[in-house]
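I have placed the structure first, in the form of structure tokens, so that the comments after it can refer back to it.
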Amino acid sequence: MIRTARPSDAKAIAHVHVSSWQAAYRNLMPAEYLDSLVTTLARREAFWARSIEAGESNVLVAELNGQVVGWISVGASRDDDAVSGHTGEVLAVYVLAAHWQTGVGLALWKAGVQWLMAQGFQGLTLWVLSRNESAVRFYRRAGCVEDAGSERSLGRGGVSLVEARYRLPFICSG
């Protein structure tokens, strides 16, 4: 079931975030860095509880058997070159590794896209680590196309990583 996140989901959202990073980025970032992320759980939980309570974040969760197993955060694009009010963004999407390739991620994706469309956005962008091959495949299957020349570098755990921006225009009938 996909539903709007509640402040009481903050602990589960933080857990899914850290656990997903540890699984998805195991070959991209140092193990010591990924293992240390558990020390950030309380801070992440507090952030999400505050953000959801204040209505600052648009977060949808995937819940199975009463447990949050994934989430997506969507909103207006944060990119400097985005046309205000026209471009939405998938800020983050994370699913517990045990639920990868089960349809949970796709259900979250579709719900996030629907939310952005309902807000009047004409398309979306997202940033993904270029070497995160499974995520890149997922976004390409969803119709996203890489913005040529959009790469940017960032550092995590003492490693330099490259992100690329992907874009999906919405096709509106009418």
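Identifiers for the structure tokens are assigned positionally: chains receive A, B, ... in sequence, residues are indexed from 1 per chain, and ligands are indexed from 1 in the order shown.
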Practice problem: Would you please give, as an MDAnalysis selection string, all residues of chain A that DSSP assigns to strand (DSSP E) based on the backbone? | Solution: chainID A and resid 2:4 58:64 67:76 87:95 123:129 145:146 152:156 159:169
Next, the residues of the selection above should be written as a CSV table (one decimal), in the first residue's frame with C-alpha atoms.
chain,number,residue,atom,x,y,z
A,2,ILE,CA,1.3,3.5,-0.9
A,3,ARG,CA,0.3,6.3,1.4
A,4,THR,CA,1.3,9.7,2.6
A,58,ASN,CA,6.1,15.4,0.3
A,59,VAL,CA,6.9,11.9,1.2
A,60,LEU,CA,5.0,8.8,0.3
A,61,VAL,CA,5.7,5.4,1.9
A,62,ALA,CA,5.2,1.8,0.7
A,63,GLU,CA,3.8,-0.3,3.6
A,64,LEU,CA,3.6,-4.1,3.6
A,67,GLN,CA,6.0,-2.2,7.9
A,68,VAL,CA,7.4,0.7,5.9
A,69,VAL,CA,9.6,-0.9,3.2
A,70,GLY,CA,10.3,2.1,1.0
A,71,TRP,CA,9.6,5.7,0.4
A,72,ILE,CA,9.8,8.5,-2.2
A,73,SER,CA,10.2,12.2,-1.7
A,74,VAL,CA,9.0,14.6,-4.4
A,75,GLY,CA,8.6,18.3,-4.9
A,76,ALA,CA,9.7,21.3,-6.9
A,87,THR,CA,9.7,21.1,-13.2
A,88,GLY,CA,9.3,18.7,-10.4
A,89,GLU,CA,11.9,16.5,-8.8
A,90,VAL,CA,12.2,13.1,-7.4
A,91,LEU,CA,14.4,14.1,-4.4
A,92,ALA,CA,14.9,10.5,-3.2
A,93,VAL,CA,13.5,7.1,-3.5
A,94,TYR,CA,14.7,4.2,-1.3
A,95,VAL,CA,13.4,0.6,-0.9
A,123,GLY,CA,8.0,17.0,-16.1
A,124,LEU,CA,10.5,15.9,-13.5
A,125,THR,CA,14.2,15.6,-13.0
A,126,LEU,CA,16.3,13.5,-10.6
A,127,TRP,CA,19.9,12.9,-9.8
A,128,VAL,CA,21.5,9.5,-9.7
A,129,LEU,CA,25.0,8.2,-9.1
A,145,VAL,CA,16.7,10.2,-20.3
A,146,GLU,CA,20.1,11.5,-19.1
A,152,ARG,CA,28.4,16.9,-11.2
A,153,SER,CA,30.9,15.6,-8.6
A,154,LEU,CA,30.3,15.1,-4.9
A,155,GLY,CA,32.3,13.5,-2.2
A,156,ARG,CA,31.0,10.8,0.3
A,159,VAL,CA,35.4,9.0,-2.3
A,160,SER,CA,34.7,11.3,-5.3
A,161,LEU,CA,31.4,10.3,-7.0
A,162,VAL,CA,29.7,11.5,-10.2
A,163,GLU,CA,25.9,12.1,-10.4
A,164,ALA,CA,24.0,12.6,-13.6
A,165,ARG,CA,20.7,14.3,-14.0
A,166,TYR,CA,17.8,12.4,-15.7
A,167,ARG,CA,14.7,14.0,-17.0
A,168,LEU,CA,11.1,12.8,-17.8
A,169,PRO,CA,8.7,15.1,-19.5
Self-check item: alpha helix (DSSP H) call set, DSSP backbone run, region 123-166 of chain A, as an NGL selection string
Solution: :A and (133-141)
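What separates CA of Gly120 (chain A) from CA of Gly143 (chain A) is a distance of 19.2 Å.
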Quiz prompt | Pick from A:Ser150, A:Thr39, A:Ser84, A:Asn27 nearest to Arg131 (chain A), counting only C-alpha atoms | solution =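 For Arg131 (chain A), the nearest of the given residues is A:Asn27.
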Quiz item: Quick one, how far is CA of Asn132 (chain A) from CA of Leu41 (chain A)?
Solution: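 Interatomic distance here is 23.0 Å.
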Quiz item: Can you tell me how far CA of Ala10 (chain A) sits from CA of Phe47 (chain A), in Å to one decimal?
Solution: 8.0 Å
